[in-house]
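*Asks:* Just upload_4.txt, nothing more (compact mmCIF, C-alpha atoms and all ligand atoms):
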```txt
# COMPACT_ATOMS: atom_id res chain seq x y z
CA MET A 1 75.59 -35.19 -10.99
CA ALA A 2 72.83 -32.77 -10.10
CA ASN A 3 69.85 -35.10 -10.36
CA SER A 4 71.21 -38.38 -9.09
CA PRO A 5 69.84 -39.37 -5.68
CA THR A 6 72.04 -39.44 -2.61
CA LEU A 7 72.59 -43.04 -1.49
CA LEU A 8 73.79 -44.35 1.87
CA VAL A 9 74.90 -47.86 2.79
CA THR A 10 74.87 -48.67 6.52
CA GLY A 11 77.24 -51.29 7.92
CA ALA A 12 79.66 -50.42 5.14
CA SER A 13 82.68 -52.01 6.81
CA GLY A 14 80.94 -55.39 7.12
CA GLN A 15 81.46 -58.03 4.46
CA LEU A 16 78.15 -57.37 2.68
CA GLY A 17 78.24 -53.60 3.03
CA ARG A 18 81.82 -53.27 1.84
CA ARG A 19 81.05 -55.35 -1.23
CA VAL A 20 77.94 -53.29 -2.03
CA VAL A 21 80.00 -50.10 -1.89
CA GLN A 22 82.65 -51.67 -4.09
CA LEU A 23 80.07 -52.77 -6.68
CA LEU A 24 78.53 -49.29 -6.74
CA LEU A 25 81.95 -47.70 -7.16
CA GLU A 26 82.76 -50.05 -10.03
CA ALA A 27 79.48 -49.01 -11.67
CA GLY A 28 80.47 -45.33 -11.37
CA THR A 29 77.62 -44.51 -8.95
CA GLN A 30 77.52 -40.87 -7.86
CA ASN A 31 76.56 -39.37 -4.51
CA LEU A 32 77.48 -42.43 -2.51
CA ILE A 33 77.87 -42.37 1.27
CA ALA A 34 79.29 -45.25 3.31
CA GLY A 35 77.96 -45.41 6.87
CA THR A 36 79.79 -47.36 9.55
CA ARG A 37 80.61 -47.47 13.25
CA LYS A 38 84.27 -47.56 12.22
CA PRO A 39 85.04 -44.87 9.63
CA GLU A 40 88.76 -45.55 10.16
CA ASN A 41 88.24 -48.97 8.52
CA LEU A 42 87.05 -47.33 5.31
CA ALA A 43 90.01 -45.08 4.53
CA ASP A 44 90.51 -46.97 1.25
CA VAL A 45 86.88 -46.31 0.28
CA ALA A 46 87.16 -42.62 1.23
CA ALA A 47 90.27 -42.41 -0.93
CA GLN A 48 88.11 -43.44 -3.88
CA GLY A 49 85.82 -40.44 -3.42
CA VAL A 50 83.12 -41.97 -1.24
CA THR A 51 81.91 -39.87 1.68
CA VAL A 52 82.24 -41.87 4.90
CA ARG A 53 79.95 -41.05 7.82
CA HIS A 54 79.72 -42.40 11.32
CA VAL A 55 76.54 -44.53 11.65
CA ASP A 56 75.72 -46.53 14.76
CA PHE A 57 72.18 -47.80 15.29
CA ASP A 58 72.79 -47.50 19.03
CA ASP A 59 73.52 -43.78 18.62
CA ALA A 60 70.52 -41.71 17.43
CA ALA A 61 72.62 -38.56 17.02
CA SER A 62 74.98 -40.33 14.61
CA MET A 63 72.01 -41.33 12.44
CA ALA A 64 70.36 -37.88 12.55
CA ALA A 65 73.59 -36.36 11.23
CA ALA A 66 74.44 -39.12 8.74
CA PHE A 67 70.98 -39.59 7.20
CA ALA A 68 70.43 -35.86 6.54
CA GLY A 69 69.97 -35.28 2.80
CA VAL A 70 69.91 -39.01 1.97
CA ASP A 71 67.32 -40.14 -0.59
CA ARG A 72 67.83 -43.91 -0.58
CA LEU A 73 69.26 -45.92 2.28
CA LEU A 74 70.45 -49.51 2.43
CA LEU A 75 69.78 -50.68 6.00
CA ILE A 76 71.96 -53.72 6.58
CA SER A 77 70.75 -55.88 9.48
CA THR A 78 73.31 -56.05 12.28
CA ASP A 79 75.17 -59.06 13.62
CA VAL A 80 74.03 -58.50 17.21
CA VAL A 81 72.30 -61.85 17.76
CA GLY A 82 73.29 -62.94 21.27
CA VAL A 83 71.37 -60.29 23.24
CA PRO A 84 67.57 -60.72 23.18
CA GLY A 85 65.79 -57.69 21.72
CA ALA A 86 68.97 -55.70 21.05
CA ARG A 87 69.03 -56.07 17.29
CA GLN A 88 65.33 -55.33 16.95
CA GLN A 89 65.81 -52.14 18.94
CA GLN A 90 68.73 -51.14 16.70
CA HIS A 91 66.75 -51.69 13.52
CA LEU A 92 63.66 -49.88 14.75
CA ALA A 93 65.84 -46.93 15.76
CA ALA A 94 67.36 -46.88 12.26
CA VAL A 95 63.93 -46.95 10.58
CA GLN A 96 62.73 -44.15 12.82
CA ALA A 97 65.85 -42.08 12.13
CA ALA A 98 65.47 -42.59 8.37
CA ALA A 99 61.83 -41.48 8.42
CA LYS A 100 62.69 -38.46 10.56
CA ALA A 101 65.54 -37.44 8.27
CA GLY A 102 63.26 -37.50 5.21
CA VAL A 103 64.79 -40.55 3.53
CA LYS A 104 62.52 -41.51 0.62
CA HIS A 105 63.30 -45.19 0.22
CA VAL A 106 64.83 -47.83 2.50
CA ILE A 107 66.21 -51.16 1.34
CA TYR A 108 66.38 -53.67 4.18
CA THR A 109 68.25 -56.99 4.29
CA SER A 110 65.71 -59.36 5.83
CA LEU A 111 65.44 -63.14 5.88
CA VAL A 112 63.31 -65.50 3.79
CA ASN A 113 60.09 -66.36 5.65
CA PRO A 114 60.56 -64.10 8.69
CA VAL A 115 57.17 -64.98 10.18
CA GLU A 116 55.83 -68.29 11.47
CA THR A 117 59.28 -69.82 11.65
CA PRO A 118 61.27 -71.29 14.53
CA VAL A 119 64.35 -69.21 13.61
CA THR A 120 65.22 -67.40 16.83
CA LEU A 121 66.37 -64.19 15.13
CA ALA A 122 63.43 -64.00 12.70
CA PRO A 123 61.27 -61.79 14.99
CA ASP A 124 63.89 -59.02 14.54
CA HIS A 125 63.33 -59.12 10.80
CA ALA A 126 59.54 -59.36 11.09
CA ALA A 127 59.48 -56.37 13.46
CA THR A 128 61.74 -54.31 11.17
CA GLU A 129 59.57 -55.10 8.16
CA ALA A 130 56.47 -54.09 10.15
CA ALA A 131 58.16 -50.86 11.26
CA LEU A 132 58.96 -49.97 7.66
CA ALA A 133 55.40 -50.75 6.58
CA ALA A 134 54.12 -48.37 9.25
CA THR A 135 56.07 -45.41 7.81
CA HIS A 136 55.30 -43.24 4.81
CA MET A 137 58.62 -44.12 3.17
CA GLY A 138 59.01 -46.37 0.17
CA TRP A 139 60.81 -49.65 0.87
CA THR A 140 62.31 -52.72 -0.68
CA ILE A 141 62.55 -55.72 1.61
CA LEU A 142 65.25 -58.09 0.42
CA ARG A 143 64.49 -61.40 2.08
CA ASN A 144 67.85 -63.09 1.73
CA ASN A 145 68.09 -66.86 1.98
CA ILE A 146 70.86 -68.57 3.98
CA TYR A 147 74.33 -67.67 2.72
CA ALA A 148 76.13 -70.44 0.86
CA ASP A 149 79.38 -68.94 2.16
CA SER A 150 79.42 -71.17 5.23
CA LEU A 151 79.34 -74.35 3.13
CA PRO A 152 83.10 -74.73 2.55
CA GLN A 153 83.51 -74.76 6.34
CA THR A 154 80.60 -77.23 6.67
CA LEU A 155 82.30 -79.59 4.24
CA LYS A 156 85.66 -79.17 5.94
CA GLN A 157 84.08 -80.09 9.26
CA ALA A 158 82.43 -83.13 7.67
CA GLN A 159 85.86 -84.24 6.49
CA GLN A 160 87.24 -83.77 10.00
CA PHE A 161 84.41 -86.01 11.28
CA GLY A 162 85.53 -88.82 8.97
CA GLY A 163 83.25 -87.84 6.09
CA GLN A 164 80.08 -87.41 8.19
CA LEU A 165 77.90 -84.39 7.49
CA PHE A 166 75.81 -83.95 10.64
CA SER A 167 72.71 -81.76 10.70
CA ALA A 168 69.12 -81.64 11.88
CA VAL A 169 67.81 -80.50 8.49
CA GLY A 170 66.15 -83.90 7.87
CA THR A 171 64.96 -84.13 4.28
CA GLY A 172 64.54 -80.35 4.03
CA ARG A 173 66.03 -78.49 1.11
CA ILE A 174 67.67 -75.07 1.08
CA ALA A 175 67.94 -72.58 -1.79
CA TRP A 176 71.36 -71.34 -0.58
CA VAL A 177 72.37 -67.92 -1.93
CA THR A 178 75.86 -66.45 -2.05
CA ARG A 179 76.72 -63.29 -0.11
CA GLU A 180 78.03 -61.93 -3.40
CA ASP A 181 74.57 -62.28 -4.96
CA CYS A 182 73.02 -60.63 -1.89
CA ALA A 183 75.46 -57.74 -2.38
CA ARG A 184 74.52 -57.49 -6.05
CA ALA A 185 70.83 -57.49 -5.17
CA SER A 186 71.35 -54.79 -2.53
CA ALA A 187 73.35 -52.61 -4.92
CA ALA A 188 70.75 -53.01 -7.66
CA ALA A 189 67.86 -52.19 -5.31
CA LEU A 190 69.68 -49.12 -3.99
CA VAL A 191 70.22 -47.57 -7.43
CA ALA A 192 66.85 -48.70 -8.84
CA GLY A 193 64.27 -46.03 -9.65
CA PHE A 194 61.63 -48.00 -7.76
CA ASP A 195 59.97 -45.85 -5.11
CA GLY A 196 57.01 -47.98 -4.02
CA GLN A 197 56.94 -50.85 -1.55
CA ARG A 198 57.93 -54.39 -2.42
CA VAL A 199 59.21 -57.65 -0.95
CA LEU A 200 61.77 -59.65 -2.93
CA ASN A 201 63.08 -63.12 -2.10
CA ILE A 202 66.79 -63.37 -2.84
CA THR A 203 67.55 -67.06 -3.24
CA GLY A 204 69.83 -69.36 -5.13
CA PRO A 205 68.62 -71.00 -8.37
CA GLU A 206 67.97 -74.46 -6.87
CA ALA A 207 67.08 -76.04 -3.53
CA LEU A 208 69.49 -78.70 -2.28
CA SER A 209 69.01 -81.41 0.32
CA GLN A 210 71.76 -82.45 2.71
CA VAL A 211 72.19 -85.59 0.61
CA ASP A 212 72.71 -83.38 -2.46
CA LEU A 213 75.24 -81.34 -0.51
CA ALA A 214 77.11 -84.43 0.70
CA GLN A 215 77.27 -85.81 -2.85
CA MET A 216 78.50 -82.49 -4.19
CA GLY A 217 81.10 -82.29 -1.43
CA SER A 218 82.29 -85.83 -2.20
CA GLN A 219 82.73 -85.01 -5.87
CA LEU A 220 84.44 -81.68 -5.31
CA THR A 221 86.81 -82.81 -2.56
CA GLY A 222 87.45 -86.31 -3.85
CA GLN A 223 86.70 -87.70 -0.38
CA PRO A 224 83.43 -89.46 0.45
CA ILE A 225 81.01 -87.43 2.56
CA ASN A 226 77.74 -88.90 3.81
CA TYR A 227 74.81 -87.14 5.39
CA VAL A 228 74.08 -88.24 8.96
CA PRO A 229 70.71 -86.86 10.08
CA LEU A 230 70.47 -85.92 13.77
CA PRO A 231 67.40 -85.15 15.88
CA ALA A 232 67.36 -81.45 16.84
CA GLU A 233 67.81 -82.34 20.54
CA VAL A 234 70.98 -84.33 19.78
CA LEU A 235 72.41 -81.52 17.66
CA SER A 236 71.62 -79.09 20.46
CA SER A 237 73.42 -81.12 23.13
CA ASN A 238 76.37 -81.76 20.81
CA LEU A 239 76.81 -78.03 20.14
CA ALA A 240 76.42 -77.19 23.83
CA GLY A 241 78.97 -79.91 24.62
CA ALA A 242 81.37 -78.27 22.17
CA GLY A 243 81.18 -75.11 24.30
CA LEU A 244 78.96 -72.88 22.18
CA PRO A 245 76.92 -70.27 24.10
CA PRO A 246 73.24 -71.23 24.58
CA ALA A 247 71.93 -68.40 22.34
CA ILE A 248 74.15 -69.55 19.47
CA VAL A 249 73.19 -73.21 20.00
CA ASP A 250 69.51 -72.24 19.85
CA LEU A 251 70.13 -70.12 16.77
CA ILE A 252 71.88 -72.87 14.83
CA VAL A 253 69.33 -75.52 15.82
CA SER A 254 66.47 -73.17 14.94
CA PHE A 255 67.87 -72.68 11.43
CA ASP A 256 68.08 -76.47 10.99
CA THR A 257 64.55 -76.96 12.32
CA ALA A 258 63.18 -74.29 10.00
CA SER A 259 65.09 -75.84 7.10
CA ALA A 260 63.61 -79.24 7.95
CA GLN A 261 60.18 -77.59 7.76
CA GLY A 262 60.96 -76.30 4.26
CA LYS A 263 61.14 -72.63 5.26
CA PHE A 264 64.21 -72.05 3.06
CA GLU A 265 63.42 -74.24 0.08
CA ALA A 266 61.43 -71.91 -2.18
CA VAL A 267 63.37 -70.80 -5.27
CA SER A 268 62.58 -67.30 -6.48
CA ASN A 269 63.32 -65.48 -9.71
CA ASP A 270 63.53 -62.13 -7.94
CA PHE A 271 67.34 -61.95 -8.02
CA GLU A 272 67.37 -62.33 -11.80
CA SER A 273 64.51 -59.84 -12.28
CA LEU A 274 66.29 -57.28 -10.09
CA THR A 275 69.84 -57.66 -11.39
CA GLY A 276 69.43 -59.13 -14.88
CA HIS A 277 71.78 -61.97 -13.94
CA LYS A 278 71.25 -65.59 -12.98
CA ALA A 279 71.85 -66.43 -9.34
CA THR A 280 74.98 -68.45 -8.59
CA ARG A 281 74.65 -72.23 -8.30
CA VAL A 282 76.10 -73.75 -5.13
CA GLU A 283 78.21 -76.12 -7.19
CA ASP A 284 79.83 -73.24 -9.06
CA PHE A 285 80.35 -71.31 -5.83
CA LEU A 286 81.90 -74.32 -4.09
CA THR A 287 84.11 -75.17 -7.04
CA ARG A 288 85.65 -71.70 -6.86
CA ALA A 289 85.71 -71.53 -3.05
CA LEU A 290 87.34 -74.93 -2.56
CA ALA A 291 89.99 -74.13 -5.17
CA THR A 292 91.18 -71.23 -3.02
CA VAL A 293 91.15 -73.05 0.35
N1 LIG A 301 71.32 -64.73 5.28
C1 LIG A 301 72.34 -65.22 5.96
O1 LIG A 301 72.69 -66.42 5.89
C2 LIG A 301 73.17 -64.33 6.82
C3 LIG A 301 74.38 -64.80 7.32
C4 LIG A 301 75.15 -63.94 8.11
C5 LIG A 301 74.67 -62.66 8.38
N2 LIG A 301 73.48 -62.25 7.89
C6 LIG A 301 72.93 -60.89 8.17
O2 LIG A 301 73.39 -60.04 7.13
C7 LIG A 301 74.16 -58.95 7.69
C8 LIG A 301 75.32 -58.62 6.77
O3 LIG A 301 76.09 -59.78 6.59
P1 LIG A 301 77.66 -59.73 6.63
O4 LIG A 301 78.10 -61.00 6.04
O5 LIG A 301 78.14 -58.44 6.06
O6 LIG A 301 77.95 -59.72 8.21
P2 LIG A 301 79.23 -59.09 8.99
O7 LIG A 301 80.41 -59.03 8.09
O8 LIG A 301 79.31 -59.85 10.27
O9 LIG A 301 78.79 -57.61 9.29
C9 LIG A 301 78.08 -57.25 10.44
C10 LIG A 301 77.35 -55.95 10.12
O10 LIG A 301 76.65 -55.48 11.25
C11 LIG A 301 76.82 -54.06 11.28
N3 LIG A 301 76.58 -53.55 12.63
C12 LIG A 301 76.90 -54.15 13.81
N4 LIG A 301 76.54 -53.35 14.84
C13 LIG A 301 76.00 -52.24 14.30
C14 LIG A 301 75.45 -51.04 14.85
N5 LIG A 301 75.42 -50.83 16.17
N6 LIG A 301 74.96 -50.11 13.99
C15 LIG A 301 75.00 -50.30 12.66
N7 LIG A 301 75.49 -51.41 12.07
C16 LIG A 301 76.00 -52.36 12.89
C17 LIG A 301 78.26 -53.86 10.83
O11 LIG A 301 78.50 -52.52 10.41
P3 LIG A 301 79.84 -51.67 10.73
O12 LIG A 301 80.82 -52.62 11.37
O13 LIG A 301 80.33 -51.16 9.41
O14 LIG A 301 79.37 -50.58 11.62
C18 LIG A 301 78.30 -54.85 9.66
O15 LIG A 301 77.73 -54.31 8.50
C19 LIG A 301 74.60 -59.45 9.08
O16 LIG A 301 74.84 -58.38 9.95
C20 LIG A 301 73.41 -60.30 9.49
O17 LIG A 301 72.36 -59.50 10.00
C21 LIG A 301 72.73 -63.05 7.09
```
Once you've parsed the file, please lay out its structure as structure tokens.

*Replies:*
Amino acid sequence: MANSPTLLVTGASGQLGRRVVQLLLEAGTQNLIAGTRKPENLADVAAQGVTVRHVDFDDAASMAAAFAGVDRLLLISTDVVGVPGARQQQHLAAVQAAAKAGVKHVIYTSLVNPVETPVTLAPDHAATEAALAATHMGWTILRNNIYADSLPQTLKQAQQFGGQLFSAVGTGRIAWVTREDCARASAAALVAGFDGQRVLNITGPEALSQVDLAQMGSQLTGQPINYVPLPAEVLSSNLAGAGLPPAIVDLIVSFDTASAQGKFEAVSNDFESLTGHKATRVEDFLTRALATV
């Protein structure tokens, strides 16, 4: 189609990116480019008419070539969390490459409350948001809440610990959001006509405490699960004792600490405004997810 903008999704072989591309294909979106470090993993997507380009945030030349002629770009945050500063550097390089290539609008997958939070990876998001704000491009910041997709595993672990759900979330509540809804939000923001600058909070429709989660898990699994609150220091030493690397221990504990402080509890209507659909309830997500385990 002559007038439809050219769209590019980075990280298109990741779980979120792949789903965004799939949703756009299902909607008949034209001029779609999938960017990835591993084009060979997207042969199925290429076979459906999507152009696949090599995109690596550690490789400026790959971005200069891939971003040429792109109007709107979905910049998916990377999973490089163990090396201090590395992810921030990747994201800033991607923002710079987009601006240089003449991209008009960038959609970025950030995190709810990226400033004034103990979350160890939040400074990457804050710095990327600031870098976008310093450009002349339009942007949509999608501040995604914590994925609900880890909850089936959380409940399974609680069962393995004799029905004890350990965390350092205290009485904090979390407006968990599904990865699927994050993909829907990303796809909608990419094809939207919006060309200004906005921040949207992509959250679930309700904020749940750990007690709520334990009760839900008990009902859905038929086995009693009780919440056992832990001090952050105890969680930290337990995780270290289980052999997790220090950076990952700190990351997990920092998410719990931020949750205890209420950093993830705000419920937003932005998902519904953006997509026209209601965000998925954790109970509905878990009902489906546990049925397939
Ligand atoms: N809100 C939350 O609770 C939550 C949870 C998990 C993750 N996240 C964030 O959301 C992102 C997407 O989630 P996901 O579930 O799709 O994670 P995932 O399946 O682990 O995907 C990792 C992503 O990182 C990309 N990536 C890694 N190194 C890269 C590089 N050098 N240049 C460009 N891209 C690179 C990958 O792209 P290719 O492999 O295609 O190159 C892929 O899209 C994650 O990367 C992470 O930043 C958020």

*Asks:* Here is a test: counting only C-alpha atoms, which residue of A:Thr257, A:Asn269, A:Thr6, A:Gln219 is nearest to A:Ala68?

*Replies:*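 Selected residue with least distance to A:Ala68: A:Thr6.
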
*Asks:* Around ligand LIG 301 (chain A), out to 7 Å and counting all atoms listed in the file, which residues are there? I want them as a list of chain:residue names.

*Replies:*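 Listing the residues within 7 Å of ligand LIG 301 (chain A) gives A:Thr10, A:Gly11, A:Ala12, A:Ser13, A:Gly14, A:Gln15, A:Leu16, A:Gly17, A:Gly35, A:Thr36, A:Arg37, A:Lys38, A:Val55, A:Asp56, A:Phe57, A:Asp58, A:Ile76, A:Ser77, A:Thr78, A:Asp79, A:Val80, A:Gln90, A:Thr109, A:Leu111, A:Asn144, A:Asn145, A:Ile146, A:Tyr147, A:Arg179.
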
*Asks:* My list of candidates is A:Leu274, A:Ala60, A:Val234, A:Val70. Which is closest to A:Val199 when distances are computed with all atoms listed in the file?

*Replies:*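 Checking each candidate against A:Val199, we get A:Leu274 as the closest.
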
*Asks:* So what do you get for atom CA of A:Leu200 versus atom CA of A:Ala93, distance-wise?

*Replies:*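 Pair atom CA of A:Leu200 / atom CA of A:Ala93 returns 23.0 Å.
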
*Asks:* Tell me which of A:Ala131, A:Ala187, A:Leu220, A:Val50 sits closest to A:Asn31, counting only C-alpha atoms.

*Replies:*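 Checking each candidate against A:Asn31, we get A:Val50 as the closest.
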
*Asks:* Env of A:Leu286: 9 Å cut, atoms = all atoms listed in the file, seq-sep filter 5 positions within chain, self excluded. Answer as a PyMOL selection string.

*Replies:* chain A and resi 148-149+151-152+216-217+220+281+291

*Asks:* Using only C-alpha atoms, pick whichever of A:Asp270, A:Glu233, A:Asp195, A:Asp181 has the shortest atom-to-atom distance to A:Ser254.

*Replies:*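 Looking only at the distances to A:Ser254, the closest residue turns out to be A:Glu233.
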
*Asks:* For a quick check of understanding, using all atoms listed in the file, which of A:Leu73, A:Thr120, A:Gly82, A:Ser237 has the smallest distance to A:Ala98?

*Replies:*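 Smallest separation from A:Ala98 among the options: A:Leu73.
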
*Asks:* When distances are computed from all atoms listed in the file, which of A:Thr292, A:Thr154, A:Asn201, A:Asn3 shows the smallest separation from A:Pro114?

*Replies:*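 Selected residue with least distance to A:Pro114: A:Asn201.
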